[in-house]
There are 2 protein chains.
Amino acid sequence: MAILVNNHSGETKPWVDALAACLPEFELHSYPAIPSNADIEYAVVWHHPHGDLMNYPNLKAILILGAGMDHINKELELPDVPIVRLLDPAVGDEMSQYVLYWVMHFQRDYERYRQQANIKQWQRFKTPLAREYRVSVLGAGEIGRYVSERLAINGFVTQNWSRSKKVIDQVQSFYGDDGLKTMLASTDTLVNCLPLVDSTHHFLDAHKLSALPKGCNIINISRGAVIADNALLKLLDSGHIAAAALDTFTLEPLSDESPYWQYDNVFITPHMSGATYPSLASQVIADNIRRIENGEPPFPIYIRPLN
Amino acid sequence: MAILVNNHSGETKPWVDALAACLPEFELHSYPAIPSNADIEYAVVWHHPHGDLMNYPNLKAILILGAGMDHINKELELPDVPIVRLLDPAVGDEMSQYVLYWVMHFQRDYERYRQQANIKQWQRFKTPLAREYRVSVLGAGEIGRYVSERLAINGFVTQNWSRSKKVIDQVQSFYGDDGLKTMLASTDTLVNCLPLVDSTHHFLDAHKLSALPKGCNIINISRGAVIADNALLKLLDSGHIAAAALDTFTLEPLSDESPYWQYDNVFITPHMSGATYPSLASQVIADNIRRIENGEPPFPIYIRPLN
């Protein structure tokens, strides 16, 4: 009974240690130091080298150790075993808190108060109440739901869009092309939680971003390439988009040459909105491995998009 | 049936208009243009000139049109009628959202990310989860409760202190001198919601502020004079207090000479955390006037402290 572990974009050792503490009955091997491919029953991976997962004849499941699925979507061939997403409540909490922070930043215009304070100016101005402030969330997957729910419990007028109809408590749901058009037109801050797949590449293009009211703000916590950078930059230049809080970019780390750095009204964070902590996430992964060992289905099983 | 209206630190007309819409059966008079003192049954006031409220022989109640009670506490003599506080849910929402914003600002260290972005640096660092971050709220009055509840529903380790024992859902309550000592020692961000009365003047002095762990942050949304400015400035200088978000000051507007303006780690806002909006607050005040007219008690009746 052995588990392959590979956190290919970071350190693997903390994951091996945390998983070992949860699953003492298993041997844990850091990729690429695998003594015997035939022993590997589970692969706990992130950005694993393409094609390698075909090399383990007794693999029972692939468990992803982060929130994004874009890397695994690019595999040309995978063994016929369940792919298990990481549904870590701590990540949902942090991402939704990140969004709430920036929504409040825009709603109360804290940037203007900060600029005022820099010149010792004392002036109160009227800002909308949360109950008057419309936040639109794109995507009703796990993160989109978390984000929408947190905004709603904090009193914001919360709207959510997804391709097909979804219901979220205290949130007004929109779906389809018409729903998107309606929602975009009545938005104060737009939050992107759409996963990156072929159909969402540059989903937020010049056409859709222009459909937002003038003065709207943007928050992106999913993947940079869901937004067409050139379109966003143009609308920032024209003032149609008032400000943006961007945690994710087409290329990361964001290069020194990116024009985004030049904008005072673009708040750049280094993809930190929902960090995955090995100590917490390993418990979720270990629970899923135990479930499979007991003949129960892991949760949530991921279905790769067909495109 | 007439009502005296006086918003002595701002505009009175929006209050007259908003109250007139709620209470069409009453005459409304802007102080000091009062045709007949004997006609006045209700006084809706904020920072009303001291002593004047003794001049209305048929007064039934004094209704305060803001959240603070420090001005009315300074009256030497008042008629023997109920003083009714303004309990406006919109104000509680806004003040608690203000606190949540700054708590998140400190918890996730957004200031450091902002400084990083200024020099095009892309680096993620570990910050505590909300469930590991201890926020201590001083005061269990209306605003202290609102603030504590909002922090708790957003997952923060929330602690609350008041002089006598209080119970708030999902919040660890402390009381008395020993309770204060215990709570201060285990605090990441301290939030002041204590009202200003004689016993809370300079309540947060050098002794109590030094009892906080090194690196602690301060948020003040009640009254500036609850904090001993010199003590706070010294502890900011030494680095014992890491940062402060101050919405309220001993003297307002904050003078150009205040040393607070000089600190990069002091975030100054112009007493905007809980603005009172005539349109919303007038409904609450009108409800209380109707209650008195119907022989029911208004809510909440204020008991002035004896000191």
# chains A, B, ... in the order shown; residues from 1 in each chain; ligands from 1
$ select_by_dssp --residues "stretch 76-151 of chain A" --states "strand (DSSP E or B)" --output "list of chain:residue names"
A:Ile83, A:Val84, A:Arg134, A:Val135, A:Ser136, A:Val137, A:Leu138
$ interface_residues --of "chain B" --to "chain A" --cutoff "7 Å" --atoms "only C-alpha atoms" --output "list in words"
Tyr101, Met104, Tyr113, Ala117, Lys120, Trp122, Gln123, Arg124, Pro253, Asp256, Trp261, Ile268, Thr269, Pro270 and Met272 of chain B
$ write_last_selection --atoms "N, CA and C atoms" --output "tab-separated table (two decimals), in the first residue's frame"
chain	number	residue	atom	x	y	z
B	101	TYR	N	-13.56	44.83	7.93
B	101	TYR	CA	-12.62	45.21	6.87
B	101	TYR	C	-11.21	45.36	7.45
B	104	MET	N	-9.63	42.08	8.67
B	104	MET	CA	-9.10	41.30	7.56
B	104	MET	C	-7.84	41.94	6.99
B	113	TYR	N	1.31	43.22	1.20
B	113	TYR	CA	1.12	42.91	-0.22
B	113	TYR	C	1.10	44.19	-1.06
B	117	ALA	N	3.63	45.14	-4.03
B	117	ALA	CA	3.17	45.47	-5.38
B	117	ALA	C	3.80	46.78	-5.86
B	120	LYS	N	6.86	45.87	-7.50
B	120	LYS	CA	6.69	44.75	-8.45
B	120	LYS	C	7.19	43.42	-7.89
B	122	TRP	N	6.52	39.78	-6.25
B	122	TRP	CA	5.50	38.73	-6.25
B	122	TRP	C	5.93	37.67	-5.25
B	123	GLN	N	5.37	37.75	-4.04
B	123	GLN	CA	5.72	36.74	-3.06
B	123	GLN	C	4.56	36.51	-2.11
B	124	ARG	N	4.20	35.25	-1.98
B	124	ARG	CA	3.12	34.88	-1.08
B	124	ARG	C	3.72	34.61	0.29
B	253	PRO	N	-12.72	67.66	13.80
B	253	PRO	CA	-11.83	66.89	12.92
B	253	PRO	C	-10.40	66.84	13.46
B	256	ASP	N	-4.35	69.23	11.86
B	256	ASP	CA	-3.17	69.02	11.01
B	256	ASP	C	-1.94	68.66	11.83
B	261	TRP	N	-1.11	61.49	11.85
B	261	TRP	CA	-0.99	61.60	10.38
B	261	TRP	C	0.37	61.09	9.89
B	268	ILE	N	-6.25	56.39	9.15
B	268	ILE	CA	-7.16	57.40	9.69
B	268	ILE	C	-8.38	57.51	8.80
B	269	THR	N	-9.56	57.38	9.38
B	269	THR	CA	-10.78	57.66	8.64
B	269	THR	C	-11.58	58.71	9.42
B	270	PRO	N	-12.34	59.54	8.70
B	270	PRO	CA	-12.97	60.72	9.31
B	270	PRO	C	-14.31	60.42	9.98
B	272	MET	N	-16.34	57.90	9.90
B	272	MET	CA	-17.31	57.49	8.89
B	272	MET	C	-17.79	56.06	9.09
$ residues_around --residues "B:Arg163" --least-positions-apart "2" --cutoff "7 Å" --atoms "only C-alpha atoms" --output "CSV table (one decimal) with C-alpha atoms, in the first residue's frame"
chain,number,residue,atom,x,y,z
B,161,TRP,CA,-15.3,42.0,27.3
B,165,LYS,CA,-21.1,39.1,32.5
B,175,TYR,CA,-15.8,40.3,32.3
B,176,GLY,CA,-14.3,42.2,35.2
$ residues_around --residues "B:Ile64" --least-positions-apart "2" --cutoff "12 Å" --atoms "only C-alpha atoms" --output "number ranges by chain"
B: 4-8, 15, 42-48, 61-62, 66-73, 82-88, 276, 281-282, 284-286, 288-289, 299-302
$ select_by_dssp --residues "stretch 152-235 of chain B" --states "alpha helix (DSSP H)" --output "ChimeraX atom specification"
/B:152-153,176-185,206-210,229-235
$ write_last_selection --atoms "C-alpha atoms" --output "short mmCIF file (atom, residue, chain, number, x, y, z; two decimals), in the first residue's frame"
data_model
loop_
_atom_site.label_atom_id
_atom_site.label_comp_id
_atom_site.auth_asym_id
_atom_site.auth_seq_id
_atom_site.Cartn_x
_atom_site.Cartn_y
_atom_site.Cartn_z
CA ALA B 152 -17.94 35.39 14.66
CA ILE B 153 -20.08 34.59 11.60
CA GLY B 176 -14.33 42.23 35.20
CA ASP B 177 -10.69 43.13 35.76
CA ASP B 178 -9.36 39.57 35.69
CA GLY B 179 -11.29 38.78 32.54
CA LEU B 180 -9.85 41.86 30.84
CA LYS B 181 -6.30 40.87 31.73
CA THR B 182 -6.81 37.36 30.37
CA MET B 183 -8.42 38.57 27.16
CA LEU B 184 -5.89 41.32 26.39
CA ALA B 185 -3.02 38.82 26.69
CA ALA B 206 -0.21 52.57 28.86
CA HIS B 207 -0.81 49.77 31.35
CA LYS B 208 -3.63 48.06 29.45
CA LEU B 209 -2.15 48.64 25.99
CA SER B 210 1.15 47.13 27.17
CA ASP B 229 -3.20 59.03 22.77
CA ASN B 230 0.27 59.45 24.27
CA ALA B 231 0.32 55.84 25.40
CA LEU B 232 -0.76 54.56 21.99
CA LEU B 233 1.79 56.75 20.18
CA LYS B 234 4.61 55.47 22.42
CA LEU B 235 3.63 51.85 21.79
#
$ atom_distance --atom1 "atom CA of B:Asn220" --atom2 "atom CA of B:Asn192"
4.9 Å
$ residues_around --residues "A:Pro24" --least-positions-apart "2" --cutoff "12 Å" --atoms "only C-alpha atoms" --output "PDB file with N, CA, C and O atoms, in the first residue's frame"
ATOM      1  N   MET A   1       0.852  -1.188   0.000  1.00  0.00           N
ATOM      2  CA  MET A   1       0.000   0.000   0.000  1.00  0.00           C
ATOM      3  C   MET A   1       0.887   1.236   0.000  1.00  0.00           C
ATOM      4  O   MET A   1       1.491   1.573   1.022  1.00  0.00           O
ATOM      5  N   ALA A   2       0.949   1.909  -1.160  1.00  0.00           N
ATOM      6  CA  ALA A   2       1.831   3.073  -1.238  1.00  0.00           C
ATOM      7  C   ALA A   2       1.132   4.234  -1.946  1.00  0.00           C
ATOM      8  O   ALA A   2       0.226   4.036  -2.769  1.00  0.00           O
ATOM      9  N   ILE A   3       1.565   5.419  -1.582  1.00  0.00           N
ATOM     10  CA  ILE A   3       1.009   6.642  -2.152  1.00  0.00           C
ATOM     11  C   ILE A   3       2.144   7.448  -2.787  1.00  0.00           C
ATOM     12  O   ILE A   3       3.187   7.651  -2.154  1.00  0.00           O
ATOM     13  N   VAL A  16       4.055  15.088   2.297  1.00  0.00           N
ATOM     14  CA  VAL A  16       4.388  13.712   2.705  1.00  0.00           C
ATOM     15  C   VAL A  16       4.233  13.596   4.221  1.00  0.00           C
ATOM     16  O   VAL A  16       3.602  12.660   4.734  1.00  0.00           O
ATOM     17  N   ASP A  17       4.764  14.561   4.942  1.00  0.00           N
ATOM     18  CA  ASP A  17       4.697  14.520   6.411  1.00  0.00           C
ATOM     19  C   ASP A  17       3.249  14.586   6.912  1.00  0.00           C
ATOM     20  O   ASP A  17       2.849  13.828   7.797  1.00  0.00           O
ATOM     21  N   ALA A  18       2.481  15.491   6.327  1.00  0.00           N
ATOM     22  CA  ALA A  18       1.101  15.663   6.798  1.00  0.00           C
ATOM     23  C   ALA A  18       0.250  14.443   6.451  1.00  0.00           C
ATOM     24  O   ALA A  18      -0.566  13.994   7.264  1.00  0.00           O
ATOM     25  N   LEU A  19       0.462  13.883   5.245  1.00  0.00           N
ATOM     26  CA  LEU A  19      -0.306  12.691   4.858  1.00  0.00           C
ATOM     27  C   LEU A  19       0.114  11.482   5.701  1.00  0.00           C
ATOM     28  O   LEU A  19      -0.724  10.657   6.087  1.00  0.00           O
ATOM     29  N   ALA A  20       1.411  11.380   5.993  1.00  0.00           N
ATOM     30  CA  ALA A  20       1.903  10.261   6.809  1.00  0.00           C
ATOM     31  C   ALA A  20       1.243  10.275   8.187  1.00  0.00           C
ATOM     32  O   ALA A  20       0.886   9.219   8.736  1.00  0.00           O
ATOM     33  N   ALA A  21       1.041  11.485   8.718  1.00  0.00           N
ATOM     34  CA  ALA A  21       0.415  11.585  10.038  1.00  0.00           C
ATOM     35  C   ALA A  21      -1.036  11.123   9.998  1.00  0.00           C
ATOM     36  O   ALA A  21      -1.546  10.549  10.963  1.00  0.00           O
ATOM     37  N   CYS A  22      -1.710  11.350   8.841  1.00  0.00           N
ATOM     38  CA  CYS A  22      -3.125  10.955   8.715  1.00  0.00           C
ATOM     39  C   CYS A  22      -3.295   9.493   8.322  1.00  0.00           C
ATOM     40  O   CYS A  22      -4.324   8.890   8.604  1.00  0.00           O
ATOM     41  N   PHE A  26       0.017   3.549   5.329  1.00  0.00           N
ATOM     42  CA  PHE A  26       0.522   3.638   3.957  1.00  0.00           C
ATOM     43  C   PHE A  26       2.007   4.011   3.929  1.00  0.00           C
ATOM     44  O   PHE A  26       2.487   4.738   4.807  1.00  0.00           O
ATOM     45  N   GLU A  27       2.711   3.508   2.896  1.00  0.00           N
ATOM     46  CA  GLU A  27       4.039   4.047   2.579  1.00  0.00           C
ATOM     47  C   GLU A  27       3.844   5.282   1.702  1.00  0.00           C
ATOM     48  O   GLU A  27       3.002   5.279   0.811  1.00  0.00           O
ATOM     49  N   LEU A  28       4.640   6.297   1.941  1.00  0.00           N
ATOM     50  CA  LEU A  28       4.525   7.520   1.140  1.00  0.00           C
ATOM     51  C   LEU A  28       5.816   7.767   0.388  1.00  0.00           C
ATOM     52  O   LEU A  28       6.906   7.696   0.969  1.00  0.00           O
ATOM     53  N   ALA A 286      -6.932  12.400   3.061  1.00  0.00           N
ATOM     54  CA  ALA A 286      -6.880  11.110   3.772  1.00  0.00           C
ATOM     55  C   ALA A 286      -8.287  10.532   3.935  1.00  0.00           C
ATOM     56  O   ALA A 286      -8.496   9.320   3.772  1.00  0.00           O
ATOM     57  N   ARG A 290      -9.483   6.824   2.617  1.00  0.00           N
ATOM     58  CA  ARG A 290     -10.169   5.865   3.512  1.00  0.00           C
ATOM     59  C   ARG A 290     -11.509   5.449   2.932  1.00  0.00           C
ATOM     60  O   ARG A 290     -11.905   4.287   2.992  1.00  0.00           O
TER      61      ARG A 290
END
$ atom_distance --atom1 "atom CA of A:Glu296" --atom2 "atom CA of A:Ala38"
23.0 Å
$ atom_distance --atom1 "atom CA of B:Leu204" --atom2 "atom CA of B:His240"
14.4 Å
$ decode --residues "stretch 59-73 of chain B" --atoms "all heavy atoms" --output "PDB file, in the first residue's frame"
ATOM      1  N   LEU B  59     -43.046  68.457  26.963  1.00  0.00           N
ATOM      2  CA  LEU B  59     -42.200  67.457  26.310  1.00  0.00           C
ATOM      3  C   LEU B  59     -42.519  66.053  26.836  1.00  0.00           C
ATOM      4  O   LEU B  59     -42.668  65.850  28.044  1.00  0.00           O
ATOM      5  CB  LEU B  59     -40.719  67.795  26.593  1.00  0.00           C
ATOM      6  CG  LEU B  59     -39.692  67.163  25.682  1.00  0.00           C
ATOM      7  CD1 LEU B  59     -39.827  67.702  24.255  1.00  0.00           C
ATOM      8  CD2 LEU B  59     -38.274  67.469  26.184  1.00  0.00           C
ATOM      9  N   LYS B  60     -42.655  65.094  25.926  1.00  0.00           N
ATOM     10  CA  LYS B  60     -42.943  63.706  26.326  1.00  0.00           C
ATOM     11  C   LYS B  60     -41.707  62.815  26.246  1.00  0.00           C
ATOM     12  O   LYS B  60     -41.643  61.787  26.930  1.00  0.00           O
ATOM     13  CB  LYS B  60     -44.023  63.120  25.410  1.00  0.00           C
ATOM     14  CG  LYS B  60     -45.389  63.733  25.579  1.00  0.00           C
ATOM     15  CD  LYS B  60     -46.372  62.961  24.676  1.00  0.00           C
ATOM     16  CE  LYS B  60     -47.746  63.591  24.640  1.00  0.00           C
ATOM     17  NZ  LYS B  60     -48.566  62.973  23.563  1.00  0.00           N
ATOM     18  N   ALA B  61     -40.775  63.157  25.328  1.00  0.00           N
ATOM     19  CA  ALA B  61     -39.571  62.322  25.205  1.00  0.00           C
ATOM     20  C   ALA B  61     -38.499  63.068  24.424  1.00  0.00           C
ATOM     21  O   ALA B  61     -38.810  63.949  23.615  1.00  0.00           O
ATOM     22  CB  ALA B  61     -39.885  60.999  24.494  1.00  0.00           C
ATOM     23  N   ILE B  62     -37.250  62.684  24.708  1.00  0.00           N
ATOM     24  CA  ILE B  62     -36.095  63.183  23.950  1.00  0.00           C
ATOM     25  C   ILE B  62     -35.585  62.003  23.136  1.00  0.00           C
ATOM     26  O   ILE B  62     -35.301  60.938  23.687  1.00  0.00           O
ATOM     27  CB  ILE B  62     -34.996  63.680  24.908  1.00  0.00           C
ATOM     28  CG1 ILE B  62     -35.521  64.863  25.750  1.00  0.00           C
ATOM     29  CG2 ILE B  62     -33.729  64.059  24.138  1.00  0.00           C
ATOM     30  CD1 ILE B  62     -34.672  65.145  26.987  1.00  0.00           C
ATOM     31  N   LEU B  63     -35.487  62.199  21.820  1.00  0.00           N
ATOM     32  CA  LEU B  63     -34.996  61.106  20.970  1.00  0.00           C
ATOM     33  C   LEU B  63     -33.680  61.545  20.331  1.00  0.00           C
ATOM     34  O   LEU B  63     -33.623  62.593  19.666  1.00  0.00           O
ATOM     35  CB  LEU B  63     -36.034  60.747  19.910  1.00  0.00           C
ATOM     36  CG  LEU B  63     -37.390  60.298  20.514  1.00  0.00           C
ATOM     37  CD1 LEU B  63     -38.416  61.407  20.397  1.00  0.00           C
ATOM     38  CD2 LEU B  63     -37.889  59.008  19.864  1.00  0.00           C
ATOM     39  N   ILE B  64     -32.645  60.768  20.534  1.00  0.00           N
ATOM     40  CA  ILE B  64     -31.317  61.128  20.029  1.00  0.00           C
ATOM     41  C   ILE B  64     -31.202  60.618  18.590  1.00  0.00           C
ATOM     42  O   ILE B  64     -31.584  59.490  18.283  1.00  0.00           O
ATOM     43  CB  ILE B  64     -30.213  60.495  20.913  1.00  0.00           C
ATOM     44  CG1 ILE B  64     -30.469  60.796  22.398  1.00  0.00           C
ATOM     45  CG2 ILE B  64     -28.833  60.972  20.486  1.00  0.00           C
ATOM     46  CD1 ILE B  64     -30.506  62.263  22.757  1.00  0.00           C
ATOM     47  N   LEU B  65     -30.663  61.473  17.701  1.00  0.00           N
ATOM     48  CA  LEU B  65     -30.658  61.067  16.291  1.00  0.00           C
ATOM     49  C   LEU B  65     -29.304  60.541  15.811  1.00  0.00           C
ATOM     50  O   LEU B  65     -29.048  60.454  14.608  1.00  0.00           O
ATOM     51  CB  LEU B  65     -31.216  62.176  15.382  1.00  0.00           C
ATOM     52  CG  LEU B  65     -30.555  63.547  15.289  1.00  0.00           C
ATOM     53  CD1 LEU B  65     -29.231  63.475  14.578  1.00  0.00           C
ATOM     54  CD2 LEU B  65     -31.484  64.495  14.551  1.00  0.00           C
ATOM     55  N   GLY B  66     -28.438  60.143  16.737  1.00  0.00           N
ATOM     56  CA  GLY B  66     -27.173  59.495  16.374  1.00  0.00           C
ATOM     57  C   GLY B  66     -26.897  58.391  17.374  1.00  0.00           C
ATOM     58  O   GLY B  66     -27.718  58.129  18.263  1.00  0.00           O
ATOM     59  N   ALA B  67     -25.721  57.753  17.242  1.00  0.00           N
ATOM     60  CA  ALA B  67     -25.433  56.604  18.102  1.00  0.00           C
ATOM     61  C   ALA B  67     -24.790  57.000  19.437  1.00  0.00           C
ATOM     62  O   ALA B  67     -24.969  56.323  20.440  1.00  0.00           O
ATOM     63  CB  ALA B  67     -24.526  55.620  17.360  1.00  0.00           C
ATOM     64  N   GLY B  68     -24.022  58.091  19.476  1.00  0.00           N
ATOM     65  CA  GLY B  68     -23.279  58.427  20.689  1.00  0.00           C
ATOM     66  C   GLY B  68     -24.160  59.109  21.733  1.00  0.00           C
ATOM     67  O   GLY B  68     -25.118  59.808  21.393  1.00  0.00           O
ATOM     68  N   MET B  69     -23.842  58.909  22.991  1.00  0.00           N
ATOM     69  CA  MET B  69     -24.628  59.506  24.070  1.00  0.00           C
ATOM     70  C   MET B  69     -23.776  60.449  24.910  1.00  0.00           C
ATOM     71  O   MET B  69     -24.219  60.927  25.964  1.00  0.00           O
ATOM     72  CB  MET B  69     -25.214  58.398  24.959  1.00  0.00           C
ATOM     73  CG  MET B  69     -26.115  57.427  24.207  1.00  0.00           C
ATOM     74  SD  MET B  69     -27.519  58.242  23.336  1.00  0.00           S
ATOM     75  CE  MET B  69     -28.618  58.542  24.722  1.00  0.00           C
ATOM     76  N   ASP B  70     -22.553  60.731  24.487  1.00  0.00           N
ATOM     77  CA  ASP B  70     -21.659  61.529  25.327  1.00  0.00           C
ATOM     78  C   ASP B  70     -22.157  62.965  25.495  1.00  0.00           C
ATOM     79  O   ASP B  70     -21.994  63.559  26.542  1.00  0.00           O
ATOM     80  CB  ASP B  70     -20.209  61.492  24.835  1.00  0.00           C
ATOM     81  CG  ASP B  70     -20.069  61.236  23.352  1.00  0.00           C
ATOM     82  OD1 ASP B  70     -20.876  60.470  22.790  1.00  0.00           O
ATOM     83  OD2 ASP B  70     -19.143  61.801  22.745  1.00  0.00           O
ATOM     84  N   HIS B  71     -22.786  63.529  24.483  1.00  0.00           N
ATOM     85  CA  HIS B  71     -23.252  64.910  24.601  1.00  0.00           C
ATOM     86  C   HIS B  71     -24.382  65.009  25.627  1.00  0.00           C
ATOM     87  O   HIS B  71     -24.360  65.864  26.507  1.00  0.00           O
ATOM     88  CB  HIS B  71     -23.706  65.428  23.237  1.00  0.00           C
ATOM     89  CG  HIS B  71     -23.953  66.900  23.236  1.00  0.00           C
ATOM     90  ND1 HIS B  71     -22.948  67.811  23.036  1.00  0.00           N
ATOM     91  CD2 HIS B  71     -25.083  67.624  23.439  1.00  0.00           C
ATOM     92  CE1 HIS B  71     -23.456  69.030  23.107  1.00  0.00           C
ATOM     93  NE2 HIS B  71     -24.749  68.947  23.350  1.00  0.00           N
ATOM     94  N   ILE B  72     -25.346  64.114  25.514  1.00  0.00           N
ATOM     95  CA  ILE B  72     -26.498  64.166  26.439  1.00  0.00           C
ATOM     96  C   ILE B  72     -26.039  63.860  27.872  1.00  0.00           C
ATOM     97  O   ILE B  72     -26.612  64.361  28.842  1.00  0.00           O
ATOM     98  CB  ILE B  72     -27.637  63.223  25.960  1.00  0.00           C
ATOM     99  CG1 ILE B  72     -28.999  63.692  26.490  1.00  0.00           C
ATOM    100  CG2 ILE B  72     -27.400  61.782  26.342  1.00  0.00           C
ATOM    101  CD1 ILE B  72     -29.670  64.720  25.634  1.00  0.00           C
ATOM    102  N   ASN B  73     -24.962  63.069  28.003  1.00  0.00           N
ATOM    103  CA  ASN B  73     -24.439  62.771  29.336  1.00  0.00           C
ATOM    104  C   ASN B  73     -23.904  64.021  30.034  1.00  0.00           C
ATOM    105  O   ASN B  73     -23.802  64.042  31.257  1.00  0.00           O
ATOM    106  CB  ASN B  73     -23.310  61.735  29.254  1.00  0.00           C
ATOM    107  CG  ASN B  73     -23.856  60.345  29.005  1.00  0.00           C
ATOM    108  OD1 ASN B  73     -25.025  60.076  29.262  1.00  0.00           O
ATOM    109  ND2 ASN B  73     -23.000  59.464  28.497  1.00  0.00           N
TER     110      ASN B  73
END
